[in-house]
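Shown next: upload-v8.txt, containing compact mmCIF, C-alpha atoms.
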```txt
# COMPACT_ATOMS: atom_id res chain seq x y z
CA GLY A 1399 119.08 -68.92 27.93
CA LEU A 1400 119.03 -68.17 24.23
CA LEU A 1401 118.34 -71.23 22.08
CA LEU A 1402 120.31 -71.48 18.85
CA ALA A 1403 120.00 -74.31 16.38
CA VAL A 1404 123.49 -74.22 14.94
CA ALA A 1405 123.74 -75.53 11.39
CA SER A 1406 127.53 -75.35 11.29
CA ALA A 1407 130.39 -73.62 13.03
CA ASN A 1408 129.80 -70.51 10.93
CA ALA A 1409 126.02 -70.53 10.50
CA ALA A 1410 123.07 -70.31 12.86
CA VAL A 1411 119.28 -70.54 12.80
CA PHE A 1412 117.29 -68.04 14.90
CA ARG A 1413 113.59 -68.68 15.51
CA VAL A 1414 111.05 -65.88 15.91
CA GLY A 1415 107.48 -66.33 17.09
CA ALA A 1416 105.14 -66.62 20.06
CA ASP A 1417 105.68 -70.15 21.43
CA ALA A 1418 108.18 -71.49 23.94
CA ALA A 1419 110.47 -72.93 21.25
CA CYS A 1420 111.17 -69.47 19.81
CA ASP A 1421 114.41 -67.60 20.47
CA PHE A 1422 112.82 -64.17 19.93
CA SER A 1423 109.33 -62.66 19.92
CA ALA A 1424 110.37 -59.90 17.48
CA ILE A 1425 112.32 -59.92 14.23
CA ALA A 1426 114.58 -56.89 14.80
CA PRO A 1427 116.69 -58.37 17.64
CA ALA A 1428 117.12 -61.55 15.61
CA LEU A 1429 118.48 -59.43 12.75
CA ASP A 1430 120.89 -57.70 15.13
CA LEU A 1431 122.25 -61.02 16.37
CA ALA A 1432 122.50 -62.44 12.85
CA ALA A 1433 124.52 -59.39 11.79
CA ALA A 1434 126.93 -60.05 14.66
CA THR A 1435 127.23 -63.78 13.89
CA PRO A 1436 129.83 -64.87 11.31
CA GLY A 1437 128.72 -66.93 8.34
CA ALA A 1438 125.43 -67.53 6.59
CA ASP A 1439 122.45 -67.32 8.95
CA THR A 1440 118.73 -68.11 8.77
CA ILE A 1441 115.88 -66.42 10.63
CA ARG A 1442 112.74 -68.58 10.73
CA ILE A 1443 109.63 -66.48 11.31
CA ALA A 1444 106.58 -68.32 12.66
CA ARG A 1445 103.10 -67.07 11.77
CA ASN A 1446 101.90 -67.25 15.38
CA GLY A 1447 103.84 -64.06 16.19
CA SER A 1448 102.62 -60.48 15.77
CA TYR A 1449 104.78 -58.36 13.47
CA VAL A 1450 103.24 -54.89 13.26
CA ALA A 1451 104.79 -51.46 12.60
CA GLN A 1452 107.78 -53.24 11.07
CA ALA A 1453 110.77 -51.18 9.90
CA LEU A 1454 113.43 -53.87 9.62
CA HIS A 1455 117.05 -53.15 8.73
CA ILE A 1456 119.31 -55.81 7.19
CA VAL A 1457 123.00 -54.96 7.43
CA ASP A 1458 124.64 -58.40 7.25
CA SER A 1459 128.03 -58.72 5.64
CA ALA A 1460 127.37 -62.44 4.99
CA ASP A 1461 124.45 -64.39 3.54
CA LEU A 1462 121.09 -64.20 5.33
CA THR A 1463 117.71 -65.89 4.80
CA LEU A 1464 114.41 -64.73 6.29
CA VAL A 1465 111.86 -67.50 5.85
CA GLY A 1466 108.29 -68.21 6.89
CA GLY A 1467 106.49 -71.48 6.19
CA ARG A 1468 105.78 -72.41 9.82
CA GLU A 1469 102.87 -71.72 12.15
CA ARG A 1470 105.05 -72.28 15.23
CA CYS A 1471 108.74 -72.35 16.06
CA ASP A 1472 108.50 -75.97 17.17
CA GLN A 1473 107.13 -77.09 13.78
CA SER A 1474 109.61 -79.40 12.07
CA GLY A 1475 108.48 -79.20 8.44
CA SER A 1476 107.76 -76.22 6.21
CA ASP A 1477 104.37 -75.37 4.65
CA ALA A 1478 104.50 -73.26 1.50
CA SER A 1479 101.00 -71.86 2.18
CA VAL A 1480 102.08 -70.30 5.51
CA ARG A 1481 103.37 -66.76 4.99
CA PRO A 1482 103.74 -64.67 8.17
CA ARG A 1483 102.65 -61.07 7.69
CA LEU A 1484 105.21 -58.32 8.15
CA ASP A 1485 103.02 -55.23 8.46
CA GLY A 1486 104.47 -51.75 8.04
CA ALA A 1487 101.38 -49.78 9.11
CA GLY A 1488 102.32 -47.28 11.82
CA ASN A 1489 106.09 -47.57 11.37
CA GLY A 1490 106.58 -43.83 10.82
CA GLY A 1491 107.02 -43.75 7.05
CA ALA A 1492 109.76 -46.34 6.55
CA SER A 1493 110.12 -49.33 4.27
CA VAL A 1494 109.01 -52.58 5.89
CA VAL A 1495 112.41 -54.07 5.00
CA ARG A 1496 115.51 -52.00 4.21
CA ILE A 1497 118.54 -53.87 2.89
CA GLN A 1498 121.99 -52.32 3.31
CA ALA A 1499 124.00 -55.52 3.26
CA GLY A 1500 127.66 -56.09 2.45
CA PRO A 1501 128.93 -56.18 -1.14
CA VAL A 1502 129.17 -59.99 -1.24
CA ALA A 1503 126.06 -60.76 0.84
CA ARG A 1504 123.20 -62.79 -0.66
CA ILE A 1505 119.86 -62.00 0.98
CA ASN A 1506 116.88 -64.36 0.62
CA LEU A 1507 113.28 -63.49 1.52
CA ASP A 1508 111.16 -66.65 1.38
CA LEU A 1509 107.51 -67.39 2.21
CA LEU A 1510 106.70 -63.93 3.59
CA ASP A 1511 103.74 -61.53 3.31
CA ILE A 1512 104.94 -57.90 3.29
CA ARG A 1513 102.18 -55.28 3.49
CA ASN A 1514 101.21 -51.68 4.25
CA GLY A 1515 104.61 -50.06 3.89
CA ASP A 1516 104.60 -46.35 3.01
CA ALA A 1517 107.96 -44.74 2.24
CA LEU A 1518 109.71 -42.41 -0.17
CA ARG A 1519 111.34 -45.37 -1.94
CA GLY A 1520 110.22 -48.98 -1.70
CA GLY A 1521 107.24 -49.11 0.61
CA GLY A 1522 107.68 -52.85 1.06
CA ILE A 1523 111.39 -53.39 0.39
CA HIS A 1524 114.17 -50.85 -0.21
CA ILE A 1525 117.32 -52.49 -1.56
CA GLU A 1526 120.40 -50.30 -1.31
CA SER A 1527 123.22 -52.82 -1.32
CA ALA A 1528 123.85 -56.59 -1.52
CA LEU A 1529 125.37 -58.88 -4.10
CA ARG A 1530 121.99 -60.52 -4.72
CA VAL A 1531 118.50 -60.30 -3.26
CA THR A 1532 116.18 -63.23 -4.01
CA LEU A 1533 112.44 -63.38 -3.32
CA ARG A 1534 110.71 -66.76 -3.35
CA SER A 1535 107.00 -67.41 -2.73
CA THR A 1536 106.63 -63.98 -1.17
CA THR A 1537 103.66 -61.59 -1.36
CA LEU A 1538 103.95 -57.79 -1.48
CA ARG A 1539 100.58 -56.09 -1.28
CA ASP A 1540 99.12 -52.67 -0.42
CA ASN A 1541 102.46 -50.88 -0.22
CA ARG A 1542 103.01 -47.25 -1.26
CA ALA A 1543 105.96 -45.05 -2.23
CA VAL A 1544 107.00 -42.27 -4.58
CA GLU A 1545 109.31 -44.73 -6.38
CA GLY A 1546 108.60 -48.46 -6.24
CA GLY A 1547 105.41 -49.05 -4.29
CA ALA A 1548 106.43 -52.59 -3.34
CA ILE A 1549 110.18 -52.67 -4.14
CA TYR A 1550 112.86 -50.09 -4.85
CA PHE A 1551 116.03 -51.65 -6.25
CA GLY A 1552 118.94 -49.24 -6.42
CA SER A 1553 122.59 -50.04 -6.89
CA ALA A 1554 125.44 -47.98 -8.30
CA GLN A 1555 127.75 -51.00 -8.28
CA ALA A 1556 128.17 -53.47 -11.12
CA GLY A 1557 126.84 -57.01 -10.90
CA ARG A 1558 124.12 -56.46 -8.32
CA GLU A 1559 121.03 -58.62 -8.87
CA LEU A 1560 117.40 -58.88 -7.85
CA GLU A 1561 115.70 -62.21 -8.51
CA ILE A 1562 111.95 -62.73 -8.10
CA GLN A 1563 110.90 -66.35 -8.54
CA GLY A 1564 108.45 -69.03 -7.53
CA SER A 1565 104.89 -68.11 -6.62
CA CYS A 1566 105.61 -64.50 -5.73
CA GLU A 1567 102.82 -61.96 -6.07
CA LEU A 1568 103.07 -58.16 -6.22
CA SER A 1569 99.58 -56.68 -6.21
CA SER A 1570 97.62 -53.56 -5.27
CA ASN A 1571 100.74 -51.47 -4.71
CA GLN A 1572 100.92 -47.77 -5.62
CA ALA A 1573 103.62 -45.24 -6.50
CA GLU A 1574 104.24 -42.21 -8.66
CA ARG A 1575 106.76 -44.24 -10.68
CA GLY A 1576 106.82 -48.03 -10.66
CA GLY A 1577 103.61 -49.10 -8.96
CA ALA A 1578 105.14 -52.41 -7.86
CA LEU A 1579 108.85 -52.17 -8.72
CA TYR A 1580 111.31 -49.37 -9.46
CA ALA A 1581 114.70 -50.55 -10.70
CA ASP A 1582 117.18 -47.71 -10.65
CA GLY A 1583 119.81 -47.18 -13.32
CA GLY A 1584 123.47 -48.07 -13.24
CA ASN A 1585 124.94 -51.53 -13.65
CA THR A 1586 122.06 -53.50 -12.23
CA SER A 1587 120.43 -56.74 -13.33
CA ILE A 1588 116.93 -58.03 -12.65
CA TYR A 1589 116.18 -61.49 -13.95
CA ASN A 1590 114.20 -64.70 -13.77
CA LEU A 1591 110.88 -63.15 -12.90
CA THR A 1592 108.55 -66.15 -12.92
CA ALA A 1593 104.85 -66.39 -12.18
CA THR A 1594 102.68 -69.29 -11.13
CA ALA A 1595 99.73 -67.39 -9.66
CA SER A 1596 96.64 -67.35 -11.90
CA MET A 1597 96.53 -63.54 -11.93
CA GLY A 1598 100.21 -63.27 -12.81
CA LEU A 1599 103.18 -62.08 -10.85
CA PHE A 1600 102.27 -58.37 -11.08
CA HIS A 1601 98.62 -57.40 -10.99
CA ASP A 1602 96.40 -54.47 -10.01
CA ASN A 1603 99.27 -52.08 -9.33
CA GLN A 1604 99.02 -48.36 -10.09
CA ALA A 1605 101.42 -45.54 -10.97
CA GLN A 1606 100.41 -41.89 -10.91
CA GLN A 1607 103.01 -41.22 -13.62
CA HIS A 1608 104.89 -44.04 -15.37
CA GLY A 1609 105.15 -47.82 -15.08
CA GLY A 1610 101.97 -49.23 -13.57
CA ALA A 1611 103.83 -52.42 -12.60
CA ILE A 1612 107.53 -51.72 -13.27
CA TYR A 1613 109.69 -48.68 -13.93
CA PHE A 1614 113.17 -49.43 -15.28
CA GLY A 1615 115.56 -46.50 -14.85
CA ALA A 1616 118.33 -45.47 -17.22
CA GLY A 1617 120.86 -48.26 -17.69
CA ALA A 1618 118.85 -50.94 -15.87
CA THR A 1619 118.86 -54.39 -17.45
CA ALA A 1620 116.34 -57.18 -16.94
CA LEU A 1621 115.24 -60.58 -18.09
CA LEU A 1622 111.52 -61.20 -17.72
CA GLN A 1623 111.08 -64.93 -18.02
CA SER A 1624 107.57 -66.42 -17.88
CA ALA A 1625 106.21 -63.31 -16.17
CA GLY A 1626 102.51 -62.45 -15.99
CA MET A 1627 101.29 -58.86 -15.70
CA SER A 1628 97.62 -57.96 -15.66
CA ASN A 1629 95.31 -55.08 -14.72
CA ASN A 1630 98.12 -52.64 -13.99
CA GLN A 1631 97.57 -48.96 -14.70
CA ALA A 1632 99.66 -45.83 -15.29
CA THR A 1633 98.19 -42.36 -15.48
CA LEU A 1634 100.73 -41.38 -18.14
CA ASP A 1635 102.95 -44.00 -19.87
CA GLY A 1636 103.60 -47.74 -19.64
CA GLY A 1637 100.58 -49.43 -18.15
CA ALA A 1638 102.66 -52.49 -17.25
CA ILE A 1639 106.30 -51.54 -17.97
CA TYR A 1640 108.08 -48.23 -18.51
CA LEU A 1641 111.63 -48.09 -19.87
CA HIS A 1642 113.51 -44.86 -19.25
CA ASN A 1643 116.41 -43.74 -21.42
CA ALA A 1644 118.22 -46.88 -22.61
CA ALA A 1645 116.94 -49.33 -20.04
CA LEU A 1646 117.13 -52.80 -21.58
CA ILE A 1647 114.83 -55.76 -21.01
CA ARG A 1648 114.64 -59.18 -22.62
CA LEU A 1649 111.40 -61.16 -22.67
CA SER A 1650 111.69 -64.94 -22.57
CA THR A 1651 109.30 -67.85 -22.22
CA THR A 1652 109.21 -71.62 -22.51
CA SER A 1653 105.53 -71.91 -23.41
CA ALA A 1654 103.02 -69.86 -25.35
CA ALA A 1655 100.98 -68.86 -22.31
CA ALA A 1656 103.79 -68.38 -19.79
CA LEU A 1657 104.54 -64.75 -20.68
CA GLU A 1658 101.40 -62.59 -20.63
CA LEU A 1659 100.71 -58.88 -20.48
CA LEU A 1660 96.92 -58.58 -20.25
CA ASP A 1661 94.49 -55.73 -19.64
CA ASN A 1662 97.10 -53.17 -18.64
CA ARG A 1663 96.23 -49.51 -19.24
CA ALA A 1664 98.01 -46.20 -19.75
CA GLY A 1665 96.47 -42.75 -19.97
CA ARG A 1666 98.85 -41.63 -22.69
CA HIS A 1667 101.29 -44.11 -24.30
CA GLY A 1668 101.92 -47.86 -24.12
CA GLY A 1669 99.15 -49.79 -22.43
CA ALA A 1670 101.55 -52.71 -21.94
CA LEU A 1671 105.02 -51.31 -22.61
CA HIS A 1672 106.52 -47.89 -23.25
```
Exercise: express the given structure as structure tokens:
Amino acid sequence: GLLLAVASANAAVFRVGADAACDFSAIAPALDLAAATPGADTIRIARNGSYVAQALHIVDSADLTLVGGRERCDQSGSDASVRPRLDGAGNGGASVVRIQAGPVARINLDLLDIRNGDALRGGGIHIESALRVTLRSTTLRDNRAVEGGAIYFGSAQAGRELEIQGSCELSSNQAERGGALYADGGNTSIYNLTATASMGLFHDNQAQQHGGAIYFGAGATALLQSAGMSNNQATLDGGAIYLHNAALIRLSTTSAAALELLDNRAGRHGGALH
């Protein structure tokens, strides 16, 4: 029968992977069961599984965490260097992860490697709704889109947040606008972007128009705290960051070297920021 490690009466842990201790061999059915289970749930994804042509859909009304950090489902401890790859190649032109969660849901993506998505918006992750989406120690690489090669963050509702923290890395993603990240307008907030990788949080991303790393739409707000951006490129404006029509960002750091915008390029205006 199905094995569930129940954390509490209203929360469950579902294990995905390729060994006998796993509850599922694929992520999608685990997401379906989590959506049907009341309370905050966790899906542990082991690296020994094969996760190709991924087009995952998160629709939880409660909190949900997708976390790697384990080679096998029967591993007791977590290893921060183990990031299972969620590969979108061959998924038919969808985001690798699409989030349409409930208005009070908090979605966490931890210790994952999201690659090869190719979609209209958010090749890696398309965020439509959730109270907060948090990425920790997660890699997004080689994703493509028209808007937001790695991540598209759109919300028409006030108070919605995207948080990127820990040793996350967004690199070698491509889009027309926002090579790595496109944050749509409206009452949205993006904050606490922190980098520990030597190349910086955002590097080697490209935009065919504006915002080699990030495109902030009209009305978007953001705090960039200790964020590193290097070797990003825009064909037109904003090699690293492009602000459109009253988008507002605040740059913050706790040390002289913690906030760096290095070697970013634009074909027209603002090699670092426009």
- Of the candidates A:Ser1570, A:Ala1424, A:Ala1419, A:Leu1510, which one gets nearest to Leu1599 (chain A) if we count only C-alpha atoms? A:Ser1570
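Put simply, CA of Gly1557 (chain A) is 7.2 Å away from CA of Leu1529 (chain A).
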- Note on the structure: The distance between CA of Asn1506 (chain A) and CA of Gly1486 (chain A) is 19.2 Å
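Distances here use only C-alpha atoms; by that measure, the residue among A:Phe1551, A:Arg1468, A:Asn1514, A:Arg1519 closest to Ser1569 (chain A) is A:Asn1514.
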- Skipping near chain neighbours, those fewer than 6 positions away, what residues fall within 12 Å of Phe1412 (chain A) using only C-alpha atoms, listed as an MDAnalysis selection string? chainID A and resid 1400:1405 1419:1433 1435 1438:1444 1462:1465 1471
Report the closest atom pair, with its distance in Å rounded to one decimal, for each residue of region 1451-1484 of chain A that has an atom no farther than 12 Å from region 1538-1541 of chain A; count only C-alpha atoms, sort by chain and then rising residue number, and write it as a tab-separated table.
```
residue	atom	partner	partner_atom	distance
A:Arg1481	CA	A:Leu1538	CA	11.1
A:Pro1482	CA	A:Leu1538	CA	11.9
A:Arg1483	CA	A:Leu1538	CA	9.8
A:Leu1484	CA	A:Leu1538	CA	9.7
```
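In this structure, CA of Asp1635 (chain A) sits 12.1 Å away from CA of Gly1577 (chain A).
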- Spatial sel., origin (106.1, -46.7, -7.3), limit 6 Å, only C-alpha atoms, listed as a count of residues only: 12
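With all atoms listed in the file as the basis for measurement, A:Gly1522 is the residue among A:Pro1436, A:Gly1522, A:Gly1467, A:Pro1501 that approaches Ala1453 (chain A) most closely.
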- Item | Protein/DNA/RNA residues near (102.4, -41.8, -15.4), cut 6 Å, only C-alpha atoms, as a ChimeraX atom specification | /A:1605-1608,1632-1635
Using all atoms of region 1428-1442 of chain A listed in the file and a margin of 4 Å per side, can you give the axis-aligned box centre and edge lengths in Å to one decimal, as lines of an AutoDock Vina configuration file?
```
center_x = 121.3
center_y = -63.1
center_z = 11.5
size_x = 25.1
size_y = 18.9
size_z = 17.8
```
- If you count all atoms listed in the file, the residue of A:Val1531, A:Ile1525, A:Leu1454, A:Leu1622 closest to Asp1582 (chain A) turns out to be A:Ile1525
Working from the structure I just supplied, which lacks atoms in region 1554-1575 of chain A, can you model N, CA and C atoms there and output them as a PDB file, in the coordinates of the input?
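Saved the output as rebuild35.pdb:
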```pdb
ATOM      1  N   ALA A1554     124.491 -48.645  -7.416  1.00  0.00           N
ATOM      2  CA  ALA A1554     125.440 -47.980  -8.300  1.00  0.00           C
ATOM      3  C   ALA A1554     126.622 -48.884  -8.627  1.00  0.00           C
ATOM      4  N   GLN A1555     126.635 -50.092  -8.073  1.00  0.00           N
ATOM      5  CA  GLN A1555     127.750 -51.000  -8.280  1.00  0.00           C
ATOM      6  C   GLN A1555     127.395 -52.072  -9.299  1.00  0.00           C
ATOM      7  N   ALA A1556     128.389 -52.484 -10.071  1.00  0.00           N
ATOM      8  CA  ALA A1556     128.170 -53.470 -11.120  1.00  0.00           C
ATOM      9  C   ALA A1556     127.869 -54.843 -10.530  1.00  0.00           C
ATOM     10  N   GLY A1557     127.060 -55.619 -11.258  1.00  0.00           N
ATOM     11  CA  GLY A1557     126.840 -57.010 -10.900  1.00  0.00           C
ATOM     12  C   GLY A1557     125.810 -57.265  -9.827  1.00  0.00           C
ATOM     13  N   ARG A1558     125.131 -56.254  -9.348  1.00  0.00           N
ATOM     14  CA  ARG A1558     124.120 -56.460  -8.320  1.00  0.00           C
ATOM     15  C   ARG A1558     122.847 -57.000  -8.954  1.00  0.00           C
ATOM     16  N   GLU A1559     122.157 -57.923  -8.266  1.00  0.00           N
ATOM     17  CA  GLU A1559     121.030 -58.620  -8.870  1.00  0.00           C
ATOM     18  C   GLU A1559     119.842 -58.688  -7.934  1.00  0.00           C
ATOM     19  N   LEU A1560     118.670 -58.605  -8.530  1.00  0.00           N
ATOM     20  CA  LEU A1560     117.400 -58.880  -7.850  1.00  0.00           C
ATOM     21  C   LEU A1560     116.733 -60.016  -8.601  1.00  0.00           C
ATOM     22  N   GLU A1561     116.347 -61.057  -7.895  1.00  0.00           N
ATOM     23  CA  GLU A1561     115.700 -62.210  -8.510  1.00  0.00           C
ATOM     24  C   GLU A1561     114.359 -62.433  -7.818  1.00  0.00           C
ATOM     25  N   ILE A1562     113.301 -62.462  -8.606  1.00  0.00           N
ATOM     26  CA  ILE A1562     111.950 -62.730  -8.100  1.00  0.00           C
ATOM     27  C   ILE A1562     111.487 -64.015  -8.759  1.00  0.00           C
ATOM     28  N   GLN A1563     111.206 -65.049  -7.953  1.00  0.00           N
ATOM     29  CA  GLN A1563     110.900 -66.350  -8.540  1.00  0.00           C
ATOM     30  C   GLN A1563     109.848 -67.074  -7.720  1.00  0.00           C
ATOM     31  N   GLY A1564     109.451 -68.242  -8.226  1.00  0.00           N
ATOM     32  CA  GLY A1564     108.450 -69.030  -7.530  1.00  0.00           C
ATOM     33  C   GLY A1564     107.095 -68.365  -7.588  1.00  0.00           C
ATOM     34  N   SER A1565     106.251 -68.647  -6.620  1.00  0.00           N
ATOM     35  CA  SER A1565     104.890 -68.110  -6.620  1.00  0.00           C
ATOM     36  C   SER A1565     104.828 -66.790  -5.881  1.00  0.00           C
ATOM     37  N   CYS A1566     105.684 -65.853  -6.273  1.00  0.00           N
ATOM     38  CA  CYS A1566     105.610 -64.500  -5.730  1.00  0.00           C
ATOM     39  C   CYS A1566     104.421 -63.760  -6.324  1.00  0.00           C
ATOM     40  N   GLU A1567     103.938 -62.777  -5.587  1.00  0.00           N
ATOM     41  CA  GLU A1567     102.820 -61.960  -6.070  1.00  0.00           C
ATOM     42  C   GLU A1567     103.023 -60.529  -5.585  1.00  0.00           C
ATOM     43  N   LEU A1568     102.998 -59.580  -6.524  1.00  0.00           N
ATOM     44  CA  LEU A1568     103.070 -58.160  -6.220  1.00  0.00           C
ATOM     45  C   LEU A1568     101.792 -57.530  -6.728  1.00  0.00           C
ATOM     46  N   SER A1569     100.912 -57.137  -5.805  1.00  0.00           N
ATOM     47  CA  SER A1569      99.580 -56.680  -6.210  1.00  0.00           C
ATOM     48  C   SER A1569      99.106 -55.531  -5.335  1.00  0.00           C
ATOM     49  N   SER A1570      98.287 -54.665  -5.965  1.00  0.00           N
ATOM     50  CA  SER A1570      97.620 -53.560  -5.270  1.00  0.00           C
ATOM     51  C   SER A1570      98.604 -52.628  -4.579  1.00  0.00           C
ATOM     52  N   ASN A1571      99.769 -52.437  -5.190  1.00  0.00           N
ATOM     53  CA  ASN A1571     100.740 -51.470  -4.710  1.00  0.00           C
ATOM     54  C   ASN A1571     100.624 -50.183  -5.523  1.00  0.00           C
ATOM     55  N   GLN A1572     101.071 -49.050  -4.950  1.00  0.00           N
ATOM     56  CA  GLN A1572     100.920 -47.770  -5.620  1.00  0.00           C
ATOM     57  C   GLN A1572     102.179 -46.928  -5.469  1.00  0.00           C
ATOM     58  N   ALA A1573     102.487 -46.171  -6.536  1.00  0.00           N
ATOM     59  CA  ALA A1573     103.620 -45.240  -6.500  1.00  0.00           C
ATOM     60  C   ALA A1573     103.426 -44.202  -7.583  1.00  0.00           C
ATOM     61  N   GLU A1574     104.217 -43.147  -7.537  1.00  0.00           N
ATOM     62  CA  GLU A1574     104.240 -42.210  -8.660  1.00  0.00           C
ATOM     63  C   GLU A1574     104.912 -42.858  -9.865  1.00  0.00           C
ATOM     64  N   ARG A1575     106.025 -43.553  -9.618  1.00  0.00           N
ATOM     65  CA  ARG A1575     106.760 -44.240 -10.680  1.00  0.00           C
ATOM     66  C   ARG A1575     107.059 -45.658 -10.211  1.00  0.00           C
TER      67      ARG A1575
END
```
